[in-house]
file final35.cif (mmCIF, C-alpha atoms)
data_run
#
loop_
_atom_site.label_atom_id
_atom_site.label_comp_id
_atom_site.auth_asym_id
_atom_site.auth_seq_id
_atom_site.Cartn_x
_atom_site.Cartn_y
_atom_site.Cartn_z
CA MET F 1 84.52 144.48 151.95
CA SER F 2 85.04 142.40 155.07
CA ASP F 3 81.66 143.40 156.49
CA HIS F 4 79.99 142.04 153.40
CA ASP F 5 82.08 139.04 152.51
CA HIS F 6 79.84 136.29 151.26
CA HIS F 7 78.64 133.93 153.92
CA PRO F 8 77.57 130.71 152.21
CA ASP F 9 74.42 130.39 154.26
CA GLU F 10 73.07 133.86 153.47
CA PRO F 11 70.82 133.01 150.51
CA ALA F 12 69.79 129.73 152.15
CA ILE F 13 68.55 131.48 155.30
CA ARG F 14 66.81 134.23 153.38
CA ALA F 15 65.11 131.66 151.14
CA GLU F 16 63.86 129.83 154.22
CA ALA F 17 62.53 133.09 155.66
CA LEU F 18 60.75 133.91 152.42
CA GLU F 19 59.29 130.41 152.27
CA HIS F 20 57.85 130.87 155.78
CA LEU F 21 56.22 134.18 154.81
CA LEU F 22 54.69 132.80 151.60
CA VAL F 23 53.36 129.70 153.36
CA GLU F 24 51.80 131.89 156.07
CA GLN F 25 50.13 133.97 153.38
CA GLY F 26 48.76 130.84 151.75
CA LEU F 27 50.66 131.49 148.51
CA LEU F 28 52.91 128.42 148.79
CA ASP F 29 52.25 124.84 149.82
CA PRO F 30 55.42 123.29 151.30
CA GLY F 31 54.65 120.22 149.17
CA ASP F 32 55.30 122.35 146.07
CA VAL F 33 59.01 122.12 146.81
CA ASP F 34 58.94 118.32 146.82
CA THR F 35 57.06 118.37 143.52
CA VAL F 36 59.76 120.54 141.93
CA ILE F 37 62.52 118.23 143.19
CA ALA F 38 60.74 115.10 141.97
CA THR F 39 60.02 116.64 138.56
CA PHE F 40 63.65 117.45 137.82
CA ASN F 41 65.08 114.32 139.41
CA GLU F 42 62.79 111.87 137.71
CA ARG F 43 60.86 113.29 134.79
CA ILE F 44 62.84 116.08 133.10
CA GLY F 45 66.55 115.59 132.53
CA PRO F 46 69.25 114.79 129.97
CA MET F 47 67.79 111.30 129.50
CA ASN F 48 65.15 112.99 127.33
CA GLY F 49 67.75 114.59 125.06
CA ALA F 50 69.70 111.32 124.93
CA ARG F 51 66.63 109.55 123.53
CA VAL F 52 66.35 112.22 120.84
CA VAL F 53 70.00 111.88 119.84
CA ALA F 54 69.97 108.08 119.81
CA ARG F 55 66.84 108.09 117.64
CA ALA F 56 68.49 110.52 115.21
CA TRP F 57 71.54 108.25 114.94
CA CYS F 58 69.35 105.21 114.18
CA ASP F 59 66.60 106.71 112.03
CA PRO F 60 67.71 108.93 109.09
CA GLY F 61 64.14 110.14 108.53
CA PHE F 62 63.87 111.29 112.15
CA ARG F 63 67.28 112.98 111.92
CA GLU F 64 66.09 114.91 108.89
CA ARG F 65 62.89 116.01 110.64
CA LEU F 66 64.85 116.91 113.78
CA LEU F 67 67.24 119.20 111.91
CA ALA F 68 64.35 120.79 109.99
CA ASP F 69 61.93 121.35 112.91
CA ALA F 70 63.21 120.08 116.23
CA THR F 71 60.20 121.25 118.24
CA ALA F 72 57.89 119.02 116.20
CA ALA F 73 60.37 116.13 116.04
CA VAL F 74 60.88 115.86 119.81
CA ALA F 75 57.10 115.92 120.26
CA GLU F 76 57.06 112.62 118.30
CA LEU F 77 58.94 111.15 121.29
CA GLY F 78 56.39 112.56 123.73
CA ILE F 79 58.62 115.40 124.91
CA ASP F 80 56.55 118.47 125.75
CA SER F 81 58.29 121.65 124.66
CA GLY F 82 55.70 123.98 126.16
CA PRO F 83 56.50 127.12 128.15
CA GLY F 84 57.12 125.09 131.32
CA GLY F 85 59.84 123.28 129.44
CA GLN F 86 61.53 126.56 128.52
CA MET F 87 61.54 125.46 124.93
CA GLU F 88 58.91 127.14 122.81
CA LYS F 89 61.19 126.76 119.80
CA LEU F 90 63.97 124.19 119.76
CA VAL F 91 66.73 124.13 117.15
CA VAL F 92 69.05 121.12 116.88
CA VAL F 93 72.50 121.74 115.39
CA GLU F 94 74.64 118.89 114.12
CA ASN F 95 78.33 118.40 114.82
CA THR F 96 80.48 117.25 111.89
CA ASP F 97 84.20 116.83 111.25
CA ALA F 98 84.24 120.42 109.97
CA ILE F 99 81.96 122.20 112.49
CA HIS F 100 81.72 121.83 116.27
CA ASN F 101 78.69 123.50 117.87
CA VAL F 102 78.48 124.65 121.50
CA VAL F 103 75.69 126.42 123.38
CA VAL F 104 75.69 129.21 125.99
CA CYS F 105 73.48 131.99 127.34
CA THR F 106 75.79 134.88 128.19
CA LEU F 107 73.04 137.15 129.59
CA CYS F 108 71.36 134.70 131.98
CA SER F 109 71.37 130.91 131.70
CA CYS F 110 68.77 129.97 129.08
CA TYR F 111 68.80 126.22 128.49
CA PRO F 112 66.48 123.66 126.82
CA TRP F 113 64.96 122.31 130.05
CA ALA F 114 62.56 119.90 128.35
CA VAL F 115 65.40 117.90 126.79
CA LEU F 116 68.26 118.52 129.24
CA GLY F 117 66.65 119.31 132.59
CA LEU F 118 68.16 122.08 134.70
CA PRO F 119 71.64 123.27 133.76
CA PRO F 120 74.75 122.27 135.74
CA ARG F 121 76.43 124.93 137.87
CA TRP F 122 79.30 125.51 135.49
CA TYR F 123 76.88 126.38 132.66
CA LYS F 124 75.47 129.19 134.83
CA SER F 125 78.87 130.44 136.00
CA PRO F 126 80.36 133.75 134.84
CA ALA F 127 83.52 131.81 133.91
CA TYR F 128 81.72 129.71 131.28
CA ARG F 129 79.44 132.51 130.08
CA SER F 130 82.31 134.98 129.64
CA ARG F 131 84.89 132.69 128.03
CA ILE F 132 82.97 130.45 125.63
CA VAL F 133 82.14 133.27 123.17
CA ARG F 134 85.74 134.51 123.11
CA GLU F 135 88.17 131.63 123.61
CA PRO F 136 86.08 128.48 123.12
CA ARG F 137 88.96 126.34 121.87
CA SER F 138 90.94 126.60 125.12
CA LEU F 139 87.77 126.30 127.19
CA LEU F 140 86.70 123.12 125.37
CA ALA F 141 90.18 121.72 125.98
CA GLU F 142 89.54 122.21 129.73
CA PHE F 143 86.56 119.90 129.26
CA GLY F 144 88.84 117.38 127.57
CA THR F 145 87.51 118.21 124.11
CA ARG F 146 90.54 118.99 121.97
CA LEU F 147 89.62 120.09 118.47
CA ASN F 148 91.69 120.32 115.34
CA PRO F 149 92.63 124.02 114.81
CA ASP F 150 90.92 123.83 111.41
CA THR F 151 87.58 122.76 112.91
CA GLU F 152 85.18 125.68 113.00
CA ILE F 153 83.72 126.32 116.43
CA ARG F 154 80.19 127.66 116.18
CA VAL F 155 78.98 129.17 119.44
CA TRP F 156 75.25 129.69 119.88
CA ASP F 157 74.45 132.45 122.39
CA SER F 158 70.80 131.81 123.38
CA SER F 159 69.87 135.48 123.51
CA ALA F 160 66.10 135.08 122.87
CA GLU F 161 63.45 132.37 123.31
CA VAL F 162 64.96 129.90 120.84
CA ARG F 163 66.74 127.03 122.60
CA TYR F 164 69.57 124.97 121.14
CA LEU F 165 70.59 121.32 121.43
CA VAL F 166 73.73 119.85 119.87
CA LEU F 167 73.45 116.59 117.92
CA PRO F 168 76.85 115.05 118.68
CA GLN F 169 78.72 112.75 116.32
CA ARG F 170 77.99 109.06 116.79
CA PRO F 171 81.02 107.35 118.36
CA LEU F 172 82.94 104.97 116.11
CA GLY F 173 82.51 101.25 116.66
CA THR F 174 78.87 101.47 117.81
CA ASN F 175 77.20 99.83 114.81
CA ASP F 176 76.09 96.84 116.84
CA LEU F 177 74.45 98.81 119.64
CA THR F 178 70.70 99.16 120.05
CA GLU F 179 69.03 102.56 120.24
CA ALA F 180 68.68 102.17 124.02
CA GLN F 181 72.35 101.29 124.38
CA LEU F 182 73.32 104.26 122.23
CA ALA F 183 71.29 106.59 124.45
CA GLU F 184 73.50 105.53 127.36
CA LEU F 185 76.50 107.03 125.51
CA VAL F 186 74.88 110.45 125.03
CA THR F 187 76.03 112.74 127.80
CA ARG F 188 74.58 116.07 128.84
CA ASP F 189 77.94 117.69 128.04
CA ALA F 190 77.86 116.29 124.50
CA MET F 191 74.41 117.82 123.94
CA ILE F 192 75.62 121.24 125.21
CA GLY F 193 78.64 120.85 122.95
CA VAL F 194 81.45 120.91 125.51
CA GLY F 195 81.96 117.15 125.31
CA ARG F 196 81.65 114.25 122.91
CA ALA F 197 79.25 111.34 123.00
CA GLY F 198 80.80 108.32 124.60
CA ALA F 199 83.23 110.42 126.63
CA ILE F 200 83.36 110.46 130.42
CA GLU F 201 80.84 112.95 131.85
CA SER F 202 82.03 116.03 133.72
CA MET S 1 71.53 148.12 130.64
CA ASP S 2 75.26 147.91 131.31
CA GLY S 3 74.79 145.35 134.06
CA ILE S 4 76.93 142.84 135.90
CA HIS S 5 74.93 140.02 134.27
CA ASP S 6 76.27 140.86 130.80
CA VAL S 7 79.51 138.88 131.10
CA GLY S 8 80.09 137.63 127.52
CA GLY S 9 83.74 138.16 126.57
CA MET S 10 84.89 139.49 129.96
CA HIS S 11 88.29 138.41 131.26
CA GLY S 12 89.28 137.27 134.72
CA PHE S 13 86.67 134.72 135.86
CA GLY S 14 89.20 131.89 135.79
CA PRO S 15 88.88 128.18 135.04
CA ILE S 16 85.64 126.21 134.94
CA GLU S 17 84.78 124.39 138.16
CA ARG S 18 82.93 121.16 137.51
CA GLN S 19 81.35 118.52 139.67
CA VAL S 20 80.80 114.86 138.81
CA ASP S 21 77.21 113.56 139.00
CA GLU S 22 75.78 116.92 139.92
CA PRO S 23 72.21 116.74 141.28
CA ALA S 24 69.40 118.91 139.84
CA PHE S 25 69.35 120.85 143.11
CA HIS S 26 72.30 120.93 145.54
CA GLU S 27 70.23 122.10 148.50
CA ARG S 28 66.55 122.03 149.33
CA TRP S 29 66.42 125.83 149.44
CA GLU S 30 67.33 126.01 145.74
CA ALA S 31 64.24 123.98 144.86
CA ALA S 32 62.25 126.15 147.29
CA VAL S 33 63.29 129.24 145.32
CA PHE S 34 62.12 127.51 142.14
CA ALA S 35 58.75 126.65 143.73
CA MET S 36 58.38 130.17 145.16
CA LEU S 37 58.93 131.69 141.74
CA MET S 38 56.07 129.56 140.40
CA ALA S 39 53.92 130.63 143.37
CA ALA S 40 54.79 134.31 142.80
CA GLY S 41 53.72 133.90 139.19
CA ARG S 42 50.35 132.46 140.26
CA ALA S 43 49.96 135.43 142.62
CA GLY S 44 50.54 137.83 139.72
CA ALA S 45 53.76 139.25 141.16
CA THR S 46 56.19 138.38 138.40
CA GLY S 47 54.39 139.70 135.32
CA ASN S 48 56.38 137.77 132.74
CA ALA S 49 59.74 136.03 132.24
CA ASP S 50 61.30 139.15 130.70
CA ARG S 51 60.47 141.15 133.80
CA PHE S 52 61.89 138.42 136.02
CA ARG S 53 65.12 138.36 134.02
CA HIS S 54 65.36 142.13 134.40
CA ALA S 55 64.72 141.88 138.16
CA ILE S 56 67.78 139.61 138.35
CA GLU S 57 69.78 142.09 136.30
CA ARG S 58 68.87 144.79 138.84
CA ILE S 59 70.03 142.94 141.98
CA ASP S 60 73.09 144.00 143.96
CA PRO S 61 76.08 143.32 141.66
CA VAL S 62 78.23 141.83 144.42
CA ALA S 63 75.40 139.46 145.34
CA TYR S 64 75.02 138.63 141.63
CA LEU S 65 78.56 137.27 141.55
CA SER S 66 78.65 135.69 145.02
CA HIS S 67 75.19 134.24 145.78
CA GLY S 68 75.08 131.67 142.98
CA TYR S 69 72.34 130.97 140.43
CA TYR S 70 69.46 130.36 142.83
CA GLY S 71 70.72 133.20 145.03
CA ARG S 72 70.30 135.45 141.98
CA TRP S 73 66.81 134.06 141.42
CA LEU S 74 66.04 134.72 145.08
CA GLY S 75 67.19 138.33 144.74
CA GLY S 76 65.00 138.85 141.68
CA LEU S 77 62.04 137.07 143.26
CA GLU S 78 62.29 139.11 146.47
CA THR S 79 62.54 142.30 144.39
CA LEU S 80 59.31 141.50 142.54
CA LEU S 81 57.39 140.36 145.64
CA ILE S 82 58.27 143.64 147.39
CA GLU S 83 57.41 145.71 144.31
CA ALA S 84 54.04 143.90 144.13
CA GLY S 85 53.34 144.71 147.79
CA ILE S 86 53.08 141.03 148.72
CA ILE S 87 55.90 141.16 151.28
CA GLU S 88 57.74 143.91 153.15
CA GLN S 89 61.52 143.84 153.00
CA SER S 90 61.72 144.65 156.74
CA ASP S 91 59.52 141.67 157.60
CA LEU S 92 61.68 139.36 155.51
CA SER S 93 64.91 140.65 157.02
CA ALA S 94 63.48 140.28 160.54
CA ARG S 95 62.41 136.71 159.80
CA ALA S 96 65.82 135.89 158.32
CA ARG S 97 67.55 137.26 161.44
CA SER S 98 65.30 135.13 163.62
CA LEU S 99 66.57 132.13 161.61
CA GLY S 100 70.20 133.07 162.16
CA ALA S 101 71.03 135.54 159.39
CA ARG S 102 73.70 138.07 160.31
CA PRO S 103 72.44 141.65 160.71
CA ASP S 104 74.93 142.87 158.11
CA ALA S 105 74.19 140.10 155.58
CA ARG S 106 74.29 141.39 152.00
CA ILE S 107 70.78 141.71 150.59
CA ALA S 108 70.52 140.98 146.89
CA ALA S 109 67.06 142.48 146.23
CA ARG S 110 66.87 146.00 144.81
CA PRO S 111 63.19 146.94 144.70
CA ALA S 112 62.45 150.17 142.82
CA ALA S 113 60.72 153.04 144.62
CA ALA S 114 58.41 153.51 141.62
CA PRO S 115 58.35 150.07 139.97
CA ASP S 116 57.14 149.40 136.43
CA ARG S 117 53.52 148.28 136.30
CA VAL S 118 53.62 144.98 134.43
CA PRO S 119 50.39 143.01 134.04
CA ALA S 120 50.51 139.23 134.39
CA ALA S 121 51.17 137.74 130.95
CA ALA S 122 47.91 136.79 129.26
CA ARG S 123 49.53 133.78 127.62
CA ALA S 124 52.60 131.70 128.27
CA ASP S 125 53.91 131.50 124.71
CA ASN S 126 55.90 134.29 123.08
CA ARG S 127 55.70 133.68 119.35
CA ARG S 128 53.43 136.09 117.44
CA ALA S 129 52.36 136.16 113.79
CA LEU S 130 53.21 139.51 112.16
CA ASP S 131 51.45 141.15 109.21
CA ASN S 132 54.40 143.20 108.00
CA PRO S 133 57.24 141.44 106.15
CA PRO S 134 60.67 141.06 107.77
CA ARG S 135 63.11 143.88 106.99
CA PHE S 136 66.08 141.56 106.49
CA ALA S 137 66.70 138.47 104.40
CA THR S 138 69.08 135.58 104.86
CA GLY S 139 72.59 136.69 103.88
CA ASP S 140 72.00 140.41 104.53
CA PRO S 141 74.93 142.23 106.13
CA VAL S 142 73.76 143.98 109.30
CA ARG S 143 75.24 146.17 112.01
CA THR S 144 74.00 146.02 115.60
CA SER S 145 72.88 149.02 117.59
CA THR S 146 75.13 150.95 119.97
CA ALA S 147 72.23 152.61 121.79
CA VAL S 148 72.09 151.64 125.46
CA LYS S 149 69.08 152.28 127.65
CA PRO S 150 69.05 151.52 131.38
CA GLY S 151 66.37 148.85 130.97
CA HIS S 152 66.17 145.25 129.79
CA THR S 153 67.64 144.17 126.48
CA ARG S 154 68.80 140.92 124.87
CA LEU S 155 71.59 142.53 122.86
CA PRO S 156 74.74 141.65 124.82
CA ARG S 157 77.44 144.30 125.25
CA TYR S 158 80.02 142.27 123.33
CA ALA S 159 77.80 142.26 120.23
CA ARG S 160 77.00 145.99 120.17
CA GLY S 161 78.05 148.04 117.14
CA LYS S 162 79.27 144.91 115.34
CA CYS S 163 78.85 143.83 111.72
CA GLY S 164 77.46 140.37 111.03
CA ARG S 165 75.29 138.47 108.59
CA VAL S 166 71.70 137.27 108.86
CA VAL S 167 71.49 133.45 108.97
CA CYS S 168 67.73 133.05 109.27
CA CYS S 169 64.54 134.68 110.50
CA HIS S 170 62.55 133.05 113.33
CA ASP S 171 59.21 134.83 112.68
CA GLY S 172 57.74 137.30 115.18
CA TRP S 173 58.27 137.20 118.95
CA VAL S 174 57.31 139.33 121.93
CA TYR S 175 59.94 142.07 122.30
CA PRO S 176 61.67 141.67 125.67
CA ASP S 177 62.88 145.29 125.81
CA SER S 178 59.28 146.55 126.06
CA HIS S 179 57.62 143.52 127.62
CA ALA S 180 59.90 143.56 130.68
CA HIS S 181 58.76 147.10 131.52
CA GLY S 182 55.01 146.83 130.95
CA ASP S 183 55.20 148.67 127.62
CA GLY S 184 53.35 145.96 125.74
CA GLU S 185 54.41 143.05 123.59
CA GLN S 186 55.51 145.09 120.53
CA PRO S 187 56.24 141.83 118.69
CA SER S 188 59.20 141.94 116.35
CA TYR S 189 61.01 139.67 113.94
CA LEU S 190 63.85 137.67 115.45
CA TYR S 191 66.95 136.76 113.43
CA THR S 192 69.93 134.51 113.99
CA VAL S 193 72.94 136.67 113.13
CA ALA S 194 76.44 135.25 112.62
CA PHE S 195 79.61 137.09 113.59
CA THR S 196 83.18 135.96 112.97
CA GLY S 197 85.63 135.91 115.84
CA THR S 198 87.50 138.75 114.13
CA GLN S 199 84.35 140.89 113.87
CA LEU S 200 83.79 140.55 117.61
CA TRP S 201 87.28 140.39 119.08
CA GLY S 202 89.65 141.85 116.52
CA ALA S 203 92.65 140.56 114.61
CA ASP S 204 93.91 138.23 117.36
CA ALA S 205 90.68 136.23 117.49
CA ASP S 206 90.46 132.52 116.71
CA PRO S 207 90.28 132.46 112.87
CA ASN S 208 87.83 129.54 112.94
CA LEU S 209 85.36 130.96 115.44
CA ARG S 210 81.82 131.93 114.56
CA VAL S 211 79.37 133.24 117.19
CA GLN S 212 75.65 133.25 116.43
CA LEU S 213 73.11 135.26 118.42
CA ASP S 214 69.35 135.62 118.17
CA LEU S 215 68.68 139.33 117.75
CA PHE S 216 65.45 141.31 117.45
CA GLU S 217 64.85 143.52 114.41
CA PRO S 218 65.09 146.85 116.34
CA TYR S 219 68.71 145.98 117.24
CA LEU S 220 69.73 145.80 113.57
CA GLU S 221 70.46 148.10 110.62
CA LEU S 222 71.61 147.13 107.13
CA SER S 223 75.34 147.63 106.78
CA ASP S 224 77.39 148.06 103.61
CA VAL S 225 80.02 145.43 104.37
#

call {"tool": "encode", "arguments": {"input": "final35.cif", "output": "structure tokens"}}
result
Amino acid sequence: MSDHDHHPDEPAIRAEALEHLLVEQGLLDPGDVDTVIATFNERIGPMNGARVVARAWCDPGFRERLLADATAAVAELGIDSGPGGQMEKLVVVENTDAIHNVVVCTLCSCYPWAVLGLPPRWYKSPAYRSRIVREPRSLLAEFGTRLNPDTEIRVWDSSAEVRYLVLPQRPLGTNDLTEAQLAELVTRDAMIGVGRAGAIES
Amino acid sequence: MDGIHDVGGMHGFGPIERQVDEPAFHERWEAAVFAMLMAAGRAGATGNADRFRHAIERIDPVAYLSHGYYGRWLGGLETLLIEAGIIEQSDLSARARSLGARPDARIAARPAAAPDRVPAAARADNRRALDNPPRFATGDPVRTSTAVKPGHTRLPRYARGKCGRVVCCHDGWVYPDSHAHGDGEQPSYLYTVAFTGTQLWGADADPNLRVQLDLFEPYLELSDV
């Protein structure tokens, strides 16, 4: 194996080489890379999902529409679920005292980009993808989410084009907060289902 | 296919490594891979998302586990660009060496000698209205297929040959198992199917675990339990 041990720069160098070839062929504009970075830093990220969750906590009618047809409901907030957003059909699943939902894609790393942006590294790791469908309770504890043994854990393996978002439970003692303040409490991890709203982000 | 990508339920990958305030891209090259995939799509090299997923499944398995997420994308992207005749692998390797790559660096791409011919997708959406009614109804007991072909599928290994129950039907969708290989859309009904921990992992499983997968109709048969 020693001849082929992973060198951390290998994919980086090969990507740079490929970029050179595609630019020379006129297939890629170097500015395209900056556009991608700006899009996912500024426009598409978990702040979109947080708006959805905060609205659902404040507006019972919206919550009902969200759980019935999430794709249409998030469009009300101006979130485009189109193919570029990797979210042709979105389903929102609600956490309760009895059921805790958590999302994975064991075969690749499918993720609702339009509401959460690009997934964190751990979501794409073989460790998360292998363990969450088999021993989710101990894995969630590693994230600091300790569940009652009687709470059902419902794992959603995104094995087709449907994408899933968890509607976390509203933290206690937040009755006085505005919708915008509530959105600040909604973490990416809570919307994947490995964390709780109002908890410290991983 | 029985590939390295199909990790659900495997043991031995260890604890989760997390990072606080993780950026969307850790390095510029990761965003470059993203942009190059879009460019390859415009050039007609990728065909469709199912084919791209399968190209990643076909990369070198050691690279799959060691090159990271965008390294896997890069391996799949390079595979498809070579199969489309847009780049030569020797040119890319020579360019990489000129930029400092080691001569014995592991190459992730695994282009096929006789690649599938996959036309560029005519449309970006995958949902299709079907004329025939769905075979299964909510609540039906079903058993998943044990048939394994070497190609693309969205039935994970851990859910093969298992009994579960239909939760709902998501209408018709392009069938990845054919679409990835250029064998047409063959749209099929898609169902969410629920399995208990015990059904998947045996008597020692968490008694309050339920795993739900989205499975295409050809993966399923009615079962009697």

call {"tool": "residues_around", "arguments": {"input": "final35.cif", "residues": "Ala15 (chain F)", "least_positions_apart": "2", "cutoff": "12 Å", "atoms": "all atoms listed in the file", "output": "ChimeraX atom specification"}}
result
/F:9-13,17-22 /S:27-37,67,70-78,92-93,95-97,99,101,107-108

call {"tool": "resolve_selection", "arguments": {"input": "final35.cif", "expression": "the PyMOL selection byres ((chain S and resi 7) around 8)", "output": "JSON, numbers by chain"}}
result
{"F": [106, 107, 126, 129, 130], "S": [4, 5, 6, 8, 9, 10]}

call {"tool": "resolve_selection", "arguments": {"input": "final35.cif", "expression": "the PyMOL selection byres ((chain F) within 7 of (chain S))", "output": "PDB file with C-alpha atoms, in the frame of the given file"}}
result
ATOM      1  CA  ASP F   3      81.660 143.400 156.490  1.00  0.00           C
ATOM      2  CA  HIS F   4      79.990 142.040 153.400  1.00  0.00           C
ATOM      3  CA  HIS F   6      79.840 136.290 151.260  1.00  0.00           C
ATOM      4  CA  GLU F  10      73.070 133.860 153.470  1.00  0.00           C
ATOM      5  CA  PRO F  11      70.820 133.010 150.510  1.00  0.00           C
ATOM      6  CA  ALA F  12      69.790 129.730 152.150  1.00  0.00           C
ATOM      7  CA  ILE F  13      68.550 131.480 155.300  1.00  0.00           C
ATOM      8  CA  ARG F  14      66.810 134.230 153.380  1.00  0.00           C
ATOM      9  CA  ALA F  15      65.110 131.660 151.140  1.00  0.00           C
ATOM     10  CA  GLU F  16      63.860 129.830 154.220  1.00  0.00           C
ATOM     11  CA  ALA F  17      62.530 133.090 155.660  1.00  0.00           C
ATOM     12  CA  LEU F  18      60.750 133.910 152.420  1.00  0.00           C
ATOM     13  CA  LEU F  27      50.660 131.490 148.510  1.00  0.00           C
ATOM     14  CA  LEU F  28      52.910 128.420 148.790  1.00  0.00           C
ATOM     15  CA  ASP F  32      55.300 122.350 146.070  1.00  0.00           C
ATOM     16  CA  VAL F  33      59.010 122.120 146.810  1.00  0.00           C
ATOM     17  CA  VAL F  36      59.760 120.540 141.930  1.00  0.00           C
ATOM     18  CA  ILE F  37      62.520 118.230 143.190  1.00  0.00           C
ATOM     19  CA  PHE F  40      63.650 117.450 137.820  1.00  0.00           C
ATOM     20  CA  ASN F  41      65.080 114.320 139.410  1.00  0.00           C
ATOM     21  CA  PRO F  83      56.500 127.120 128.150  1.00  0.00           C
ATOM     22  CA  GLU F  88      58.910 127.140 122.810  1.00  0.00           C
ATOM     23  CA  THR F 106      75.790 134.880 128.190  1.00  0.00           C
ATOM     24  CA  LEU F 107      73.040 137.150 129.590  1.00  0.00           C
ATOM     25  CA  CYS F 108      71.360 134.700 131.980  1.00  0.00           C
ATOM     26  CA  LEU F 118      68.160 122.080 134.700  1.00  0.00           C
ATOM     27  CA  PRO F 120      74.750 122.270 135.740  1.00  0.00           C
ATOM     28  CA  TRP F 122      79.300 125.510 135.490  1.00  0.00           C
ATOM     29  CA  LYS F 124      75.470 129.190 134.830  1.00  0.00           C
ATOM     30  CA  PRO F 126      80.360 133.750 134.840  1.00  0.00           C
ATOM     31  CA  ALA F 127      83.520 131.810 133.910  1.00  0.00           C
ATOM     32  CA  TYR F 128      81.720 129.710 131.280  1.00  0.00           C
ATOM     33  CA  ARG F 129      79.440 132.510 130.080  1.00  0.00           C
ATOM     34  CA  SER F 130      82.310 134.980 129.640  1.00  0.00           C
ATOM     35  CA  ARG F 131      84.890 132.690 128.030  1.00  0.00           C
ATOM     36  CA  VAL F 133      82.140 133.270 123.170  1.00  0.00           C
ATOM     37  CA  ARG F 134      85.740 134.510 123.110  1.00  0.00           C
ATOM     38  CA  ASP F 150      90.920 123.830 111.410  1.00  0.00           C
ATOM     39  CA  THR F 151      87.580 122.760 112.910  1.00  0.00           C
ATOM     40  CA  GLU F 152      85.180 125.680 113.000  1.00  0.00           C
ATOM     41  CA  ILE F 153      83.720 126.320 116.430  1.00  0.00           C
ATOM     42  CA  ARG F 154      80.190 127.660 116.180  1.00  0.00           C
ATOM     43  CA  VAL F 155      78.980 129.170 119.440  1.00  0.00           C
ATOM     44  CA  TRP F 156      75.250 129.690 119.880  1.00  0.00           C
ATOM     45  CA  ASP F 157      74.450 132.450 122.390  1.00  0.00           C
ATOM     46  CA  SER F 158      70.800 131.810 123.380  1.00  0.00           C
ATOM     47  CA  SER F 159      69.870 135.480 123.510  1.00  0.00           C
ATOM     48  CA  ALA F 160      66.100 135.080 122.870  1.00  0.00           C
ATOM     49  CA  SER F 202      82.030 116.030 133.720  1.00  0.00           C
TER      50      SER F 202
END

call {"tool": "atom_distance", "arguments": {"input": "final35.cif", "atom1": "CA of Arg43 (chain F)", "atom2": "CA of Gly117 (chain F)"}}
result
8.6 Å

call {"tool": "closest_residue", "arguments": {"input": "final35.cif", "among": "F:Val102, F:Ala54, F:Ala183, F:Ala75", "to": "Leu139 (chain F)", "atoms": "all atoms listed in the file"}}
result
F:Val102

call {"tool": "closest_residue", "arguments": {"input": "final35.cif", "among": "F:Gly144, F:Tyr123, F:Ile99, F:Val74", "to": "Ala56 (chain F)", "atoms": "only C-alpha atoms"}}
result
F:Val74

call {"tool": "closest_residue", "arguments": {"input": "final35.cif", "among": "F:Ile132, F:Leu140, F:Ala50, F:Val194", "to": "Cys105 (chain F)", "atoms": "all atoms listed in the file"}}
result
F:Ile132

call {"tool": "residues_around", "arguments": {"input": "final35.cif", "residues": "Val118 (chain S)", "least_positions_apart": "2", "cutoff": "10 Å", "atoms": "only C-alpha atoms", "output": "list in words"}}
result
Gly44, Ala45, Thr46, Gly47, Asn48, Arg51, Ala84, Pro115, Asp116, Ala120, Ala121, His179, Ala180, His181, Gly182, Asp183 and Gly184 of chain S

call {"tool": "write_last_selection", "arguments": {"input": "final35.cif", "atoms": "C-alpha atoms", "output": "mmCIF file, in the coordinates of the input"}}
result
data_model
loop_
_atom_site.group_PDB
_atom_site.id
_atom_site.type_symbol
_atom_site.label_atom_id
_atom_site.label_comp_id
_atom_site.auth_asym_id
_atom_site.auth_seq_id
_atom_site.Cartn_x
_atom_site.Cartn_y
_atom_site.Cartn_z
ATOM 1 C CA GLY S 44 50.540 137.830 139.720
ATOM 2 C CA ALA S 45 53.760 139.250 141.160
ATOM 3 C CA THR S 46 56.190 138.380 138.400
ATOM 4 C CA GLY S 47 54.390 139.700 135.320
ATOM 5 C CA ASN S 48 56.380 137.770 132.740
ATOM 6 C CA ARG S 51 60.470 141.150 133.800
ATOM 7 C CA ALA S 84 54.040 143.900 144.130
ATOM 8 C CA PRO S 115 58.350 150.070 139.970
ATOM 9 C CA ASP S 116 57.140 149.400 136.430
ATOM 10 C CA ALA S 120 50.510 139.230 134.390
ATOM 11 C CA ALA S 121 51.170 137.740 130.950
ATOM 12 C CA HIS S 179 57.620 143.520 127.620
ATOM 13 C CA ALA S 180 59.900 143.560 130.680
ATOM 14 C CA HIS S 181 58.760 147.100 131.520
ATOM 15 C CA GLY S 182 55.010 146.830 130.950
ATOM 16 C CA ASP S 183 55.200 148.670 127.620
ATOM 17 C CA GLY S 184 53.350 145.960 125.740
#

call {"tool": "resolve_selection", "arguments": {"input": "final35.cif", "expression": "the PyMOL selection byres ((chain F and resi 198) around 10)", "output": "PyMOL selection string"}}
result
chain F and resi 168-172+174+182-187+190+195-197+199-201

call {"tool": "atom_distance", "arguments": {"input": "final35.cif", "atom1": "CA of Gly172 (chain S)", "atom2": "CA of Leu165 (chain F)"}}
result
21.4 Å
